[in-house]
Amino acid sequence: MARHNFRTFILWTLALLMLPTTMWAENGSDLWLRYKGQQTTQVVLSKGLKSSPTLRIAMNELNSNWTGNETITLQRTAHGGDKPESFTLTRTAQGITLASPSDAGMLYASYTLLRLQQTGQLSRLTPNNPICESPQNDVRILNHWDNPNGTVERGYAGSSLWKWDAIPVKAKSGKQAKWNDTALQARIEQYARANASVCINATVLNNVNAKPLMLSADMICKAASIADILRPYGMRVYLAVNFGSPHGLGGLDTADPLNPEVIKWWKNKVDSIYQLIPDFGGFLVKANSEGEPGPMDYGRTHVDGANMLADALAPHKGIVMWRAFVYAPGSKDRANQAYEEFMPLDGKFRDNVTIQIKNGPIDFQPREAVSPLLFSMKHTRMMPEFQITQEYTGHSIHTCYLAPMWKEFFHTLQIPAASDMANDKNDMRLIAGVANIGDDINWCGNDLAQANWYAFGRLAWNEQLTSEEIAREFLMQTFTADPQFVDPMTALLMHSRETVVSYMMPLGLHHIFAGGHHYGPEPWYAPRGSREDWLPRYYHRADSLGIGFDRTSKGSRNTQQYPEPLRSLYDNINTCPENLILWFHHASWDYLMQDGLTLWQNLCYKYETGAREAEQFVEVWQQMKPYVDSERYESMLWRFQRQARDAWWWHDACILYFQQFSQRPIPADITAPRFQLDKLMKFHIPIDNYRAPKPEQLP
Ligand code: BDP
């Protein structure tokens, strides 16, 4: 007995000794939500304001996280002309008032106030300076490319957040389901909280390559259980649907959008969703693209398909987000296709249809020209789609802060005259981002990639914010406010996207990956029998004369899809921005660039600069060691080191491969290749669309 007690004592002591490390080990799971409040606040609802689940969250956040002893009052303002989610922060001698026409707006105001405190900006809020904010986009939506089997297409942060097997089925009665897996429930709630803190108000739960199964009664009841968790945080649930569902799931022998049975099937399906999810947002549809079914399978058009779904959703105020990511094999220029397919349909879509258009006309490359379709339709609602997950920018291994890319996009949209950009469907604005979130403990795989989730929310709310202020906010809240850390790391993040462009695809080069994984360089990739528009050579077009895709008026005429002044600017090689020169032109190897050097020399120097910069990132990060917990320090260190190695891999692969065409000498001050081209050309990363490669799978 005594011995037994002694053993228990030893075990307990050991357990206690281990407790601090297990309890306090940093794992990145807290994201940017690391408040250190003093809990001295008094939070009250203004007279007559009824509490709600959303307001309880707001009060709880302020109560536990605000440092200060003034009274904070939540107040509802009259709707007036304001958008429902807009809010005002006011400070008086008596305290702080957070006012909005909606509960969600008061919640956003609470997170804004906490952010000001966390980032040392409270002095901005004085009695004479209330802070008023109103969303630029009404729908700020994440697109999860999550499959019902738990995999995430182009996801590099583990498996899906939604463990469908463990999610309870909401009863038809509408009563909230009981979660047995409370850890999962808590995780989904944390997801909602993180989104609300950056004003993301919507989410598509599943992959655009949607399985008909997603619309089964069981899955809808489970989606309803998720919606119940997200709702108090101001988030609405949407689903991606497979256009063939009436056939694939419903047992009909067709999915023809004009067939009365099909129309009825969708109407009943939609009604059944709204019974369980009264604030359901609507459908996202990828149709007639990359093998997915669509109305064209039945000789119908995008309009027929989208409007049929829109009519089923309209009585419930739901919407259809219909994607414009379409391209057919054998086309002259993939970049032309969305415009060619959709422009003739302009003005024919229902009011509750939005055409969802990727930022560029190809596919989320490190740098693309803006999709010409976004400038062009005048009577159709359109929304941009960004990719937050880093399919083409180094997965969750490379650090690539994407806000500068998105700002560049917003900036380009402002270049044509306002009259050329007029669109009569501008009363409701939407923006989508393909999520980089998975079940990894730190949500995004790479701790710094959390910045891209954060930045998407901040920019979707307010496109005027600068990338730099967003980076600073993120770093201060997520790591430390010490300027010794924040200044160099802000500079690193700000530079990271351009660095990635330089070592991967400078000067407008694009899509020179192997098919499939989209990670490392394979400009030579050309398995026999492949679709030409899935091969790098279709895009880079390197030959003995030069390199680049001629999209001018003498080539594929893609430049003609742009309004002025972009059309002329892009069409002329001498005015085309050099960072897009090979996007729009097949330029001679000896073409003289602004710096007086040839195109070939510039290409070599871009790869060199990119690789050297990636190497510097490692050094900067090493200097950050004193300011970062060891867990996140180590987990980023190997990533930065791998990024630098990959940058040299890109450098060597591309310079040596393209030199076979240019036949020009490599400038003497370019770092000598450390990889051999013939070996690289025999090397293939095992293809996996669902995971980042493992370091040992890379050269
Ligand atoms: C490409 C991805 C593919 C997606 C497709 C899409 O490689 O996995 O399904 O886009 O957006 O970027 O539909």
# chains A, B, ... in the order shown; residues from 1 in each chain; ligands from 1

$ residues_near_ligand --ligand "ligand 1" --cutoff "7 Å" --atoms "only C-alpha atoms and all ligand atoms" --output "list in words"
Glu153, Arg154, Val208, Asn209, Lys286, Phe325, Asp363 and Phe364 of chain A

$ select_by_dssp --residues "region 327-391 of chain A" --states "helix (DSSP H, G or I)" --output "ChimeraX atom specification"
/A:334-345,373-376

$ write_last_selection --atoms "C-alpha atoms" --output "PDB file, in the first residue's frame"
ATOM      1  CA  ARG A 334      -7.030  30.341 -72.133  1.00  0.00           C
ATOM      2  CA  ALA A 335      -6.880  33.931 -70.851  1.00  0.00           C
ATOM      3  CA  ASN A 336      -9.570  34.919 -73.378  1.00  0.00           C
ATOM      4  CA  GLN A 337     -12.159  32.358 -72.533  1.00  0.00           C
ATOM      5  CA  ALA A 338     -14.120  33.641 -69.574  1.00  0.00           C
ATOM      6  CA  TYR A 339     -14.659  36.901 -71.411  1.00  0.00           C
ATOM      7  CA  GLU A 340     -15.685  35.135 -74.617  1.00  0.00           C
ATOM      8  CA  GLU A 341     -18.119  32.889 -72.797  1.00  0.00           C
ATOM      9  CA  PHE A 342     -19.680  35.432 -70.451  1.00  0.00           C
ATOM     10  CA  MET A 343     -19.716  38.768 -72.258  1.00  0.00           C
ATOM     11  CA  PRO A 344     -22.514  37.720 -74.633  1.00  0.00           C
ATOM     12  CA  LEU A 345     -24.591  36.893 -71.537  1.00  0.00           C
ATOM     13  CA  LEU A 373     -14.027  40.216 -67.571  1.00  0.00           C
ATOM     14  CA  LEU A 374     -14.032  42.198 -64.328  1.00  0.00           C
ATOM     15  CA  PHE A 375     -13.781  45.427 -66.309  1.00  0.00           C
ATOM     16  CA  SER A 376     -16.266  44.488 -68.915  1.00  0.00           C
TER      17      SER A 376
END

$ residues_around --residues "Pro521 (chain A)" --least-positions-apart "2" --cutoff "10 Å" --atoms "only C-alpha atoms" --output "list in words"
Tyr503, Met504, Met505, His511, Ile512, Phe513, Ala514, His518, Tyr519, Pro523, Trp524, Tyr525, Pro536, Asp646, Ala647, Trp649, Trp650, His651, Asp652, Ala653, Cys654, Leu680, Met681 and His684 of chain A

$ residues_around --residues "His316 (chain A)" --least-positions-apart "2" --cutoff "10 Å" --atoms "only C-alpha atoms" --output "VMD selection string"
chain A and resid 270 to 271 274 278 to 282 311 to 314 318 to 319

$ write_last_selection --atoms "N, CA and C atoms" --output "mmCIF file, in the first residue's frame"
data_model
loop_
_atom_site.group_PDB
_atom_site.id
_atom_site.type_symbol
_atom_site.label_atom_id
_atom_site.label_comp_id
_atom_site.auth_asym_id
_atom_site.auth_seq_id
_atom_site.Cartn_x
_atom_site.Cartn_y
_atom_site.Cartn_z
ATOM 1 N N VAL A 270 -33.975 23.301 -52.103
ATOM 2 C CA VAL A 270 -33.728 24.612 -51.486
ATOM 3 C C VAL A 270 -34.683 24.824 -50.314
ATOM 4 N N ASP A 271 -35.956 24.506 -50.511
ATOM 5 C CA ASP A 271 -36.918 24.688 -49.410
ATOM 6 C C ASP A 271 -36.507 23.871 -48.193
ATOM 7 N N TYR A 274 -33.730 25.622 -46.272
ATOM 8 C CA TYR A 274 -34.163 26.788 -45.485
ATOM 9 C C TYR A 274 -34.981 26.403 -44.253
ATOM 10 N N PRO A 278 -32.495 28.885 -41.701
ATOM 11 C CA PRO A 278 -33.341 29.977 -42.216
ATOM 12 C C PRO A 278 -32.549 31.130 -42.828
ATOM 13 N N ASP A 279 -31.287 31.290 -42.410
ATOM 14 C CA ASP A 279 -30.482 32.379 -42.983
ATOM 15 C C ASP A 279 -29.444 31.825 -43.955
ATOM 16 N N PHE A 280 -29.717 30.668 -44.534
ATOM 17 C CA PHE A 280 -28.794 30.061 -45.515
ATOM 18 C C PHE A 280 -28.478 31.093 -46.608
ATOM 19 N N GLY A 281 -27.185 31.156 -47.004
ATOM 20 C CA GLY A 281 -26.778 32.208 -47.941
ATOM 21 C C GLY A 281 -27.061 31.895 -49.400
ATOM 22 N N GLY A 282 -26.800 30.649 -49.808
ATOM 23 C CA GLY A 282 -27.034 30.299 -51.203
ATOM 24 C C GLY A 282 -25.993 29.322 -51.723
ATOM 25 N N ASP A 311 -33.854 31.225 -59.187
ATOM 26 C CA ASP A 311 -35.301 31.269 -58.964
ATOM 27 C C ASP A 311 -35.712 30.402 -57.779
ATOM 28 N N ALA A 312 -34.997 29.297 -57.610
ATOM 29 C CA ALA A 312 -35.317 28.442 -56.455
ATOM 30 C C ALA A 312 -34.930 29.133 -55.148
ATOM 31 N N LEU A 313 -33.867 29.927 -55.191
ATOM 32 C CA LEU A 313 -33.356 30.568 -53.962
ATOM 33 C C LEU A 313 -34.042 31.900 -53.659
ATOM 34 N N ALA A 314 -34.539 32.562 -54.702
ATOM 35 C CA ALA A 314 -35.039 33.942 -54.534
ATOM 36 C C ALA A 314 -36.113 34.107 -53.450
ATOM 37 N N GLY A 318 -31.924 33.956 -51.057
ATOM 38 C CA GLY A 318 -30.614 33.333 -51.267
ATOM 39 C C GLY A 318 -30.021 33.770 -52.600
ATOM 40 N N ILE A 319 -28.728 33.554 -52.741
ATOM 41 C CA ILE A 319 -28.054 33.972 -53.976
ATOM 42 C C ILE A 319 -27.293 32.804 -54.621
#

$ closest_residue --among "A:Ala166, A:Leu698, A:Leu637, A:Val628" --to "Ile685 (chain A)" --atoms "only C-alpha atoms"
A:Leu698

$ closest_atom_pairs --of "region 129-169 of chain A" --to "region 454-469 of chain A" --cutoff "9 Å" --atoms "only C-alpha atoms" --output "Markdown table"
| residue | atom | partner | partner_atom | distance |
| --- | --- | --- | --- | --- |
| A:Glu133 | CA | A:Asn462 | CA | 8.6 |
| A:Ser134 | CA | A:Trp461 | CA | 7.7 |
| A:Pro135 | CA | A:Trp461 | CA | 4.8 |
| A:Gln136 | CA | A:Trp461 | CA | 5.5 |
| A:Asn137 | CA | A:Trp461 | CA | 6.0 |
| A:Asp138 | CA | A:Trp461 | CA | 8.3 |
| A:Val139 | CA | A:Ala460 | CA | 8.5 |
| A:Arg140 | CA | A:Ala460 | CA | 5.9 |
| A:Ile141 | CA | A:Gly457 | CA | 8.7 |

$ closest_atom_pairs --of "region 403-520 of chain A" --to "region 28-37 of chain A" --cutoff "9 Å" --atoms "only C-alpha atoms" --output "CSV"
residue,atom,partner,partner_atom,distance
A:Asp440,CA,A:Ser29,CA,8.7
A:Ile441,CA,A:Ser29,CA,5.5
A:Asn442,CA,A:Ser29,CA,4.3
A:Trp443,CA,A:Ser29,CA,6.6
A:Asp447,CA,A:Gly28,CA,6.4
A:Gln450,CA,A:Leu31,CA,7.0
A:Ala451,CA,A:Trp32,CA,8.8
A:Tyr454,CA,A:Trp32,CA,8.3
A:Glu473,CA,A:Trp32,CA,8.9
A:Phe474,CA,A:Trp32,CA,6.4
A:Leu475,CA,A:Trp32,CA,8.0
A:Met476,CA,A:Trp32,CA,8.3
A:Gln477,CA,A:Trp32,CA,5.0
A:Thr478,CA,A:Trp32,CA,4.2
A:Phe479,CA,A:Trp32,CA,8.0

$ write_last_selection --atoms "all heavy atoms" --output "compact mmCIF listing (two decimals), in the first residue's frame"
# COMPACT_ATOMS: atom_id res chain seq x y z
N ASP A 440 -4.81 21.55 -38.86
CA ASP A 440 -3.52 21.74 -38.18
C ASP A 440 -3.75 22.62 -36.95
O ASP A 440 -4.57 23.53 -37.01
CB ASP A 440 -2.52 22.45 -39.10
CG ASP A 440 -1.77 21.47 -39.99
OD1 ASP A 440 -2.07 20.27 -39.93
OD2 ASP A 440 -0.90 21.93 -40.75
N ILE A 441 -2.99 22.37 -35.91
CA ILE A 441 -3.24 23.08 -34.66
C ILE A 441 -3.14 24.60 -34.85
O ILE A 441 -3.89 25.37 -34.26
CB ILE A 441 -2.32 22.55 -33.53
CG1 ILE A 441 -2.69 23.17 -32.19
CG2 ILE A 441 -0.87 22.77 -33.81
CD1 ILE A 441 -3.96 22.64 -31.59
N ASN A 442 -2.24 25.03 -35.74
CA ASN A 442 -2.11 26.48 -35.97
C ASN A 442 -2.96 26.95 -37.16
O ASN A 442 -2.73 28.01 -37.71
CB ASN A 442 -0.63 26.87 -36.16
CG ASN A 442 -0.08 26.35 -37.48
OD1 ASN A 442 -0.74 25.60 -38.20
ND2 ASN A 442 1.14 26.75 -37.81
N TRP A 443 -3.89 26.17 -37.57
CA TRP A 443 -4.92 26.49 -38.58
C TRP A 443 -4.41 26.56 -40.02
O TRP A 443 -5.11 26.15 -40.92
CB TRP A 443 -5.61 27.84 -38.28
CG TRP A 443 -6.24 27.95 -36.95
CD1 TRP A 443 -5.64 28.34 -35.78
CD2 TRP A 443 -7.60 27.64 -36.60
NE1 TRP A 443 -6.53 28.32 -34.75
CE2 TRP A 443 -7.76 27.90 -35.23
CE3 TRP A 443 -8.69 27.20 -37.33
CZ2 TRP A 443 -8.96 27.73 -34.56
CZ3 TRP A 443 -9.91 27.03 -36.67
CH2 TRP A 443 -10.03 27.29 -35.30
N ASP A 447 2.80 29.47 -39.61
CA ASP A 447 2.31 30.49 -38.66
C ASP A 447 2.15 31.85 -39.33
O ASP A 447 1.25 32.62 -38.98
CB ASP A 447 3.24 30.60 -37.46
CG ASP A 447 3.15 29.38 -36.56
OD1 ASP A 447 2.08 29.14 -36.00
OD2 ASP A 447 4.16 28.66 -36.44
N GLN A 450 -1.08 32.70 -41.46
CA GLN A 450 -2.28 33.24 -40.80
C GLN A 450 -2.51 34.69 -41.22
O GLN A 450 -3.64 35.18 -41.22
CB GLN A 450 -2.11 33.19 -39.27
CG GLN A 450 -2.00 31.78 -38.71
CD GLN A 450 -1.65 31.80 -37.22
OE1 GLN A 450 -1.37 32.85 -36.64
NE2 GLN A 450 -1.65 30.63 -36.60
N ALA A 451 -1.41 35.36 -41.57
CA ALA A 451 -1.52 36.77 -41.99
C ALA A 451 -2.39 36.90 -43.24
O ALA A 451 -3.03 37.94 -43.45
CB ALA A 451 -0.13 37.35 -42.27
N TYR A 454 -6.02 36.70 -42.15
CA TYR A 454 -6.28 37.97 -41.49
C TYR A 454 -6.45 39.10 -42.51
O TYR A 454 -7.42 39.87 -42.47
CB TYR A 454 -5.11 38.26 -40.54
CG TYR A 454 -5.26 39.52 -39.73
CD1 TYR A 454 -5.94 39.50 -38.52
CD2 TYR A 454 -4.72 40.72 -40.16
CE1 TYR A 454 -6.09 40.65 -37.76
CE2 TYR A 454 -4.86 41.88 -39.42
CZ TYR A 454 -5.55 41.84 -38.22
OH TYR A 454 -5.69 42.98 -37.47
N GLU A 473 -0.39 45.22 -37.82
CA GLU A 473 -1.44 44.81 -36.88
C GLU A 473 -1.33 43.32 -36.58
O GLU A 473 -1.39 42.89 -35.45
CB GLU A 473 -2.82 44.96 -37.54
CG GLU A 473 -3.43 46.29 -37.54
CD GLU A 473 -4.76 46.25 -38.30
OE1 GLU A 473 -5.22 45.15 -38.70
OE2 GLU A 473 -5.33 47.33 -38.50
N PHE A 474 -1.19 42.55 -37.67
CA PHE A 474 -1.14 41.10 -37.51
C PHE A 474 0.04 40.69 -36.64
O PHE A 474 -0.10 39.92 -35.69
CB PHE A 474 -1.06 40.42 -38.88
CG PHE A 474 -0.72 38.97 -38.78
CD1 PHE A 474 -1.69 38.04 -38.43
CD2 PHE A 474 0.58 38.52 -38.98
CE1 PHE A 474 -1.37 36.69 -38.29
CE2 PHE A 474 0.91 37.18 -38.84
CZ PHE A 474 -0.06 36.26 -38.50
N LEU A 475 1.21 41.22 -36.95
CA LEU A 475 2.42 40.81 -36.22
C LEU A 475 2.34 41.22 -34.75
O LEU A 475 2.70 40.45 -33.86
CB LEU A 475 3.65 41.43 -36.88
CG LEU A 475 4.00 40.86 -38.26
CD1 LEU A 475 5.04 41.73 -38.96
CD2 LEU A 475 4.51 39.42 -38.15
N MET A 476 1.85 42.43 -34.52
CA MET A 476 1.77 42.90 -33.12
C MET A 476 0.84 42.04 -32.30
O MET A 476 1.11 41.74 -31.14
CB MET A 476 1.28 44.36 -33.09
CG MET A 476 2.31 45.34 -33.59
SD MET A 476 1.58 46.99 -33.70
CE MET A 476 2.13 47.67 -32.17
N GLN A 477 -0.27 41.67 -32.89
CA GLN A 477 -1.25 40.89 -32.13
C GLN A 477 -0.85 39.42 -32.03
O GLN A 477 -1.18 38.75 -31.06
CB GLN A 477 -2.63 40.96 -32.80
CG GLN A 477 -3.21 42.36 -32.81
CD GLN A 477 -4.47 42.42 -33.66
OE1 GLN A 477 -5.56 42.32 -33.16
NE2 GLN A 477 -4.30 42.57 -34.96
N THR A 478 -0.14 38.91 -33.05
CA THR A 478 0.12 37.47 -33.11
C THR A 478 1.43 37.09 -32.43
O THR A 478 1.57 35.99 -31.91
CB THR A 478 0.13 37.00 -34.59
OG1 THR A 478 -1.02 37.54 -35.22
CG2 THR A 478 0.11 35.51 -34.71
N PHE A 479 2.39 38.02 -32.49
CA PHE A 479 3.70 37.73 -31.90
C PHE A 479 4.00 38.70 -30.76
O PHE A 479 3.70 38.41 -29.61
CB PHE A 479 4.79 37.74 -32.98
CG PHE A 479 4.67 36.59 -33.94
CD1 PHE A 479 3.89 36.70 -35.09
CD2 PHE A 479 5.31 35.39 -33.69
CE1 PHE A 479 3.78 35.63 -35.98
CE2 PHE A 479 5.19 34.31 -34.57
CZ PHE A 479 4.43 34.43 -35.71

$ closest_residue --among "A:Ser52, A:Ser245, A:Ser396, A:Gln365" --to "Lys269 (chain A)" --atoms "only C-alpha atoms"
A:Ser245

$ residues_around --residues "region 173-180 of chain A" --least-positions-apart "5" --cutoff "8 Å" --atoms "only C-alpha atoms" --output "PyMOL selection string"
chain A and resi 166-168+185+225+228+275-276
